[in-house]
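Working notes, beginning with the structure itself.
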Amino acid sequence: MKENNRQVLTKLKEKITSVDFERLLYNGKARIACSVVLFVLTFAAVLFATSFLPHMTASPVSENLPEEYETVTQTTTQPETQEETSSEAATEAETLNKSKFKRDKTVKAAVATGDDRVDEDSGGNRVVDSSTNSNNSDVVVSTATIGTAKADKSLLTDYTYAVSGGLQGPVRINNDIFLFGNSSERIIGHATIGGFRYYFNNYGAKASRTGIDVSKHQGTIDWAQVKAAGVDYAIIRIAYRGYGSDGIMRIDPQFEANINGARANGIDVGVYFFSQAVNVDEAVEEASLVLNTLNGRKLQYPVYIDMEYANAKRSGRADKISKRVRTDCAVAFCETVRNSGYKAGIYASKAFYDDELTFSRIAGYNIWVAHYTKSVTDFSHCYKMWQYSEKGKISGIKYKVDLDISFYDYAKGNDMSKAGSNVIFVPDSLELAKYTGAEALVNAYSENPTDDNYNSAFSAVNSLSDQRVVSALNKKLDAIKEKAESTTVEETTEKQTNEPLTEATEQTII
């Protein structure tokens, strides 16, 4: 074929060189023949190029791509070969129109039978990884004894004065709990009391909430005993998707009993869904089932999507989806929840967050991390809740239960960083007497605003060691002084106005 092409080109060249182009150009009829010759030459050149030159692969056109690769909202089972950069993650995030994720009110599911194999329920078999492979022993929770301290409420400020000398262990003052060491020093940071982990802020006050997460795998729960053990909140499994190819969703058979029992005993609640979504549509479907099952019930804590491997072999339907698609699913679930008025969050282990999710795209949701370690987790991202053990033993629960600590009070909507800020600690009763005595002198000046009383109060106030109290009491003194001086001026003016005119004054007026 190539040899025939060469012969054609040779003959064309001979014919073309024999043509007198100059004469043809001046011959009107010949101009048509010239055009035909040029066309034939061009066609031959193209034929030659396609026969001799290497073939080039054309750039793909998006409209010719398979549908599943056109947007990041579609699933792909191809593993990613390299780490996504932040710019790539940002580009992918922009392709998700978050406002489009709406609850599908038609989504329903049957209540699970309770047979893990039939229901394809892997919730009872935690898959360990580098952050959940712990040899820690069981955590037996016992009710801690909370002591009391000698405390006096300030009569002039919002502060409470408390004597710290001799205090040890947890102590309640007003509505806050403080922890004292063997030398009556306030403990700041993480500490364990009665098996539970707690966090104490810069004022020494407890700035954490104690929680558990439960499912049908904890059996029937006595929620009154759980409350008495010191549990503040519970994250309850509401439903899950099976790990098999069909991906059938089911309602946790203990969900209704758990949420009703927890709420009846004053325990704050949130819910989680064990996800096996392999694309965005399934993630929206999972969120819709949660919302439809809740049916408007109030939650204090978020609705979480639980993202983890289905089994140790990682053979679950969602275990091999790409990092990009898995992150898409997390975003789709959370946005569907948000768009229905609930707080949204994500649960995963520390390693799962690092390896299987693009954190920059999910940082705006409520992050709940699992990391089992004897020390404090070194999870490098911002988080509001930490699951620190899967081996908790609590009165009222027959089987082992996950233990959690929340650093955000979802019921009150604050991070508890100001807890205990209104308590002023003094070492002993003598020091306490200085504070109460200073307040008494301020009151004495208020009742009789003389210079001597002011000086006595001012001296006593400014001898105190806590500058917060000094500032507050000085403001009181200044306000009393200003009022007293204003009253004096008014009385003087009124007195002058009411004085009878003297003879000299009358003559002046005349």
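Chain labels run A, B, ... following the order of the structure tokens; each chain numbers its residues from 1, and ligands are numbered from 1 in the order shown.
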
Report as a PDB file with N, CA and C atoms, in the first residue's frame all protein, DNA and RNA residues lying within 12 Å of Gly169 in chain A, evaluated on only C-alpha atoms, omitting residues in the same chain fewer than 6 positions from it.
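Below is the file that was written, out.pdb:
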ATOM      1  N   ALA A 144     -17.431   8.698  90.482  1.00  0.00           N
ATOM      2  CA  ALA A 144     -16.465   9.443  91.283  1.00  0.00           C
ATOM      3  C   ALA A 144     -17.172  10.230  92.381  1.00  0.00           C
ATOM      4  N   THR A 145     -16.520  10.312  93.532  1.00  0.00           N
ATOM      5  CA  THR A 145     -17.047  11.115  94.635  1.00  0.00           C
ATOM      6  C   THR A 145     -16.584  12.553  94.456  1.00  0.00           C
ATOM      7  N   ILE A 146     -17.522  13.451  94.398  1.00  0.00           N
ATOM      8  CA  ILE A 146     -17.194  14.859  94.177  1.00  0.00           C
ATOM      9  C   ILE A 146     -17.365  15.611  95.485  1.00  0.00           C
ATOM     10  N   GLY A 147     -16.280  16.248  95.938  1.00  0.00           N
ATOM     11  CA  GLY A 147     -16.306  16.974  97.198  1.00  0.00           C
ATOM     12  C   GLY A 147     -16.850  18.385  97.056  1.00  0.00           C
ATOM     13  N   THR A 148     -16.870  19.100  98.170  1.00  0.00           N
ATOM     14  CA  THR A 148     -17.326  20.489  98.187  1.00  0.00           C
ATOM     15  C   THR A 148     -16.253  21.359  98.820  1.00  0.00           C
ATOM     16  N   ALA A 149     -16.331  22.644  98.565  1.00  0.00           N
ATOM     17  CA  ALA A 149     -15.349  23.580  99.105  1.00  0.00           C
ATOM     18  C   ALA A 149     -16.060  24.698  99.847  1.00  0.00           C
ATOM     19  N   ILE A 177     -16.973  21.877  88.059  1.00  0.00           N
ATOM     20  CA  ILE A 177     -16.172  20.878  88.764  1.00  0.00           C
ATOM     21  C   ILE A 177     -14.700  21.174  88.522  1.00  0.00           C
ATOM     22  N   PHE A 178     -13.935  21.219  89.600  1.00  0.00           N
ATOM     23  CA  PHE A 178     -12.498  21.459  89.540  1.00  0.00           C
ATOM     24  C   PHE A 178     -11.782  20.217  90.064  1.00  0.00           C
ATOM     25  N   LEU A 179     -10.546  20.027  89.625  1.00  0.00           N
ATOM     26  CA  LEU A 179      -9.751  18.886  90.069  1.00  0.00           C
ATOM     27  C   LEU A 179      -8.489  19.394  90.752  1.00  0.00           C
ATOM     28  N   PHE A 180      -8.249  18.901  91.976  1.00  0.00           N
ATOM     29  CA  PHE A 180      -7.098  19.339  92.754  1.00  0.00           C
ATOM     30  C   PHE A 180      -6.141  18.173  92.981  1.00  0.00           C
ATOM     31  N   GLY A 181      -4.850  18.488  92.950  1.00  0.00           N
ATOM     32  CA  GLY A 181      -3.823  17.496  93.182  1.00  0.00           C
ATOM     33  C   GLY A 181      -3.545  17.298  94.657  1.00  0.00           C
ATOM     34  N   ASN A 182      -2.511  16.518  94.950  1.00  0.00           N
ATOM     35  CA  ASN A 182      -2.190  16.196  96.340  1.00  0.00           C
ATOM     36  C   ASN A 182      -1.775  17.407  97.153  1.00  0.00           C
ATOM     37  N   SER A 183      -1.285  18.446  96.483  1.00  0.00           N
ATOM     38  CA  SER A 183      -0.874  19.667  97.186  1.00  0.00           C
ATOM     39  C   SER A 183      -1.910  20.773  97.031  1.00  0.00           C
ATOM     40  N   SER A 184      -3.130  20.388  96.728  1.00  0.00           N
ATOM     41  CA  SER A 184      -4.246  21.327  96.550  1.00  0.00           C
ATOM     42  C   SER A 184      -4.057  22.257  95.361  1.00  0.00           C
ATOM     43  N   GLU A 185      -3.201  21.849  94.421  1.00  0.00           N
ATOM     44  CA  GLU A 185      -3.036  22.648  93.208  1.00  0.00           C
ATOM     45  C   GLU A 185      -4.117  22.277  92.201  1.00  0.00           C
ATOM     46  N   ARG A 186      -4.574  23.255  91.450  1.00  0.00           N
ATOM     47  CA  ARG A 186      -5.573  22.977  90.426  1.00  0.00           C
ATOM     48  C   ARG A 186      -4.924  22.265  89.242  1.00  0.00           C
ATOM     49  N   ILE A 187      -5.575  21.213  88.753  1.00  0.00           N
ATOM     50  CA  ILE A 187      -5.093  20.456  87.604  1.00  0.00           C
ATOM     51  C   ILE A 187      -5.648  21.086  86.332  1.00  0.00           C
ATOM     52  N   ALA A 191      -7.218  14.565  82.305  1.00  0.00           N
ATOM     53  CA  ALA A 191      -7.103  13.731  83.498  1.00  0.00           C
ATOM     54  C   ALA A 191      -8.159  12.635  83.428  1.00  0.00           C
ATOM     55  N   THR A 192      -7.908  11.542  84.136  1.00  0.00           N
ATOM     56  CA  THR A 192      -8.852  10.427  84.189  1.00  0.00           C
ATOM     57  C   THR A 192      -9.390  10.293  85.601  1.00  0.00           C
ATOM     58  N   ILE A 193     -10.710  10.245  85.713  1.00  0.00           N
ATOM     59  CA  ILE A 193     -11.370  10.097  87.010  1.00  0.00           C
ATOM     60  C   ILE A 193     -12.405   8.985  86.890  1.00  0.00           C
ATOM     61  N   GLY A 194     -12.257   7.960  87.691  1.00  0.00           N
ATOM     62  CA  GLY A 194     -13.235   6.879  87.672  1.00  0.00           C
ATOM     63  C   GLY A 194     -13.369   6.191  86.331  1.00  0.00           C
TER      64      GLY A 194
END

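The residue set within 9 Å of Ile394 in chain A, counting only C-alpha atoms and dropping same-chain residues fewer than 3 places from it, reads Val139, Val140, Val141, Ser142, Gln225, Val226, Ala229, Ile397, Lys398, Tyr399, Lys400 and Val401 of chain A.
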
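Restricting the calculation to only C-alpha atoms, the smallest distance between Ser315 in chain A and any of A:Pro302, A:Gly270, A:Gly244, A:Gly341 is found for A:Gly244.
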
_Between CA of Ser275 in chain A and CA of Ser406 in chain A, what is the distance in Å, rounded to a tenth?_
22.3 Å

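What separates CA of Gly266 in chain A from CA of Tyr304 in chain A is a distance of 21.0 Å.
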
*Nearest to Trp368 in chain A, chosen from A:Gly392, A:Gly345, A:Gly296, A:Gly261, with only C-alpha atoms counted in the distances*: A:Gly345

Closest pair table for range 346-390 of chain A residues within 12 Å of range 203-209 of chain A, only C-alpha atoms, as CSV:
residue,atom,partner,partner_atom,distance
A:Lys384,CA,A:Ser208,CA,9.8
A:Met385,CA,A:Arg209,CA,9.2
A:Trp386,CA,A:Arg209,CA,10.7

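Omitting Asn258 in chain A and its sequence neighbours fewer than 5 positions away, and counting only C-alpha atoms, the residues within 10 Å are Val214, Ser215, Lys216, Gly219, Thr220, Ile221, Asp222, Trp223, Ala234, Ile235, Ile236, Arg237, Ile238, Asp252, Pro253, Arg263, Ala264 and Val269 of chain A.
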
Could you write those residues out with N, CA and C atoms, as an mmCIF file, in the first residue's frame?
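Printed below is out01.cif as written:
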data_model
loop_
_atom_site.group_PDB
_atom_site.id
_atom_site.type_symbol
_atom_site.label_atom_id
_atom_site.label_comp_id
_atom_site.auth_asym_id
_atom_site.auth_seq_id
_atom_site.Cartn_x
_atom_site.Cartn_y
_atom_site.Cartn_z
ATOM 1 N N VAL A 214 -23.526 3.944 71.126
ATOM 2 C CA VAL A 214 -24.134 2.627 71.288
ATOM 3 C C VAL A 214 -24.922 2.215 70.046
ATOM 4 N N SER A 215 -25.154 0.922 69.954
ATOM 5 C CA SER A 215 -25.988 0.344 68.898
ATOM 6 C C SER A 215 -26.656 -0.896 69.479
ATOM 7 N N LYS A 216 -27.250 -1.698 68.626
ATOM 8 C CA LYS A 216 -27.901 -2.927 69.100
ATOM 9 C C LYS A 216 -26.882 -3.896 69.695
ATOM 10 N N GLY A 219 -26.867 -4.369 73.399
ATOM 11 C CA GLY A 219 -28.033 -5.006 73.999
ATOM 12 C C GLY A 219 -29.009 -3.993 74.575
ATOM 13 N N THR A 220 -29.861 -4.480 75.476
ATOM 14 C CA THR A 220 -30.833 -3.610 76.146
ATOM 15 C C THR A 220 -30.125 -2.831 77.247
ATOM 16 N N ILE A 221 -30.302 -1.516 77.247
ATOM 17 C CA ILE A 221 -29.553 -0.640 78.150
ATOM 18 C C ILE A 221 -30.461 -0.071 79.236
ATOM 19 N N ASP A 222 -29.949 -0.059 80.466
ATOM 20 C CA ASP A 222 -30.638 0.601 81.578
ATOM 21 C C ASP A 222 -30.111 2.033 81.636
ATOM 22 N N TRP A 223 -30.835 2.941 81.034
ATOM 23 C CA TRP A 223 -30.338 4.307 80.880
ATOM 24 C C TRP A 223 -30.290 5.082 82.196
ATOM 25 N N ALA A 234 -25.045 10.595 74.581
ATOM 26 C CA ALA A 234 -24.893 9.322 73.870
ATOM 27 C C ALA A 234 -25.114 9.557 72.384
ATOM 28 N N ILE A 235 -24.220 8.989 71.570
ATOM 29 C CA ILE A 235 -24.391 8.999 70.118
ATOM 30 C C ILE A 235 -24.921 7.616 69.742
ATOM 31 N N ILE A 236 -26.111 7.568 69.189
ATOM 32 C CA ILE A 236 -26.851 6.319 69.001
ATOM 33 C C ILE A 236 -26.902 5.951 67.522
ATOM 34 N N ARG A 237 -26.589 4.693 67.220
ATOM 35 C CA ARG A 237 -26.707 4.268 65.821
ATOM 36 C C ARG A 237 -28.178 4.221 65.436
ATOM 37 N N ILE A 238 -28.489 4.934 64.368
ATOM 38 C CA ILE A 238 -29.867 4.988 63.901
ATOM 39 C C ILE A 238 -30.118 3.966 62.798
ATOM 40 N N ASP A 252 -31.454 0.296 62.893
ATOM 41 C CA ASP A 252 -30.958 -0.430 64.062
ATOM 42 C C ASP A 252 -32.149 -0.840 64.936
ATOM 43 N N PRO A 253 -32.256 -2.127 65.286
ATOM 44 C CA PRO A 253 -33.424 -2.592 66.047
ATOM 45 C C PRO A 253 -33.534 -2.005 67.450
ATOM 46 N N ARG A 263 -33.107 10.020 76.397
ATOM 47 C CA ARG A 263 -33.774 11.311 76.586
ATOM 48 C C ARG A 263 -34.596 11.335 77.866
ATOM 49 N N ALA A 264 -35.222 10.230 78.194
ATOM 50 C CA ALA A 264 -36.048 10.172 79.399
ATOM 51 C C ALA A 264 -35.217 10.333 80.664
ATOM 52 N N VAL A 269 -28.471 13.629 73.201
ATOM 53 C CA VAL A 269 -28.322 12.599 72.176
ATOM 54 C C VAL A 269 -27.914 13.169 70.821
#

*With only C-alpha atoms as the basis for distance, which of A:Asp328, A:Glu439, A:Tyr342, A:Asp213 is at the shortest distance from Lys153 in chain A?*
A:Glu439

*Would you mind reading off the distance between CA of Ala112 in chain A and CA of Tyr240 in chain A, one decimal, in Å?*
9.4 Å
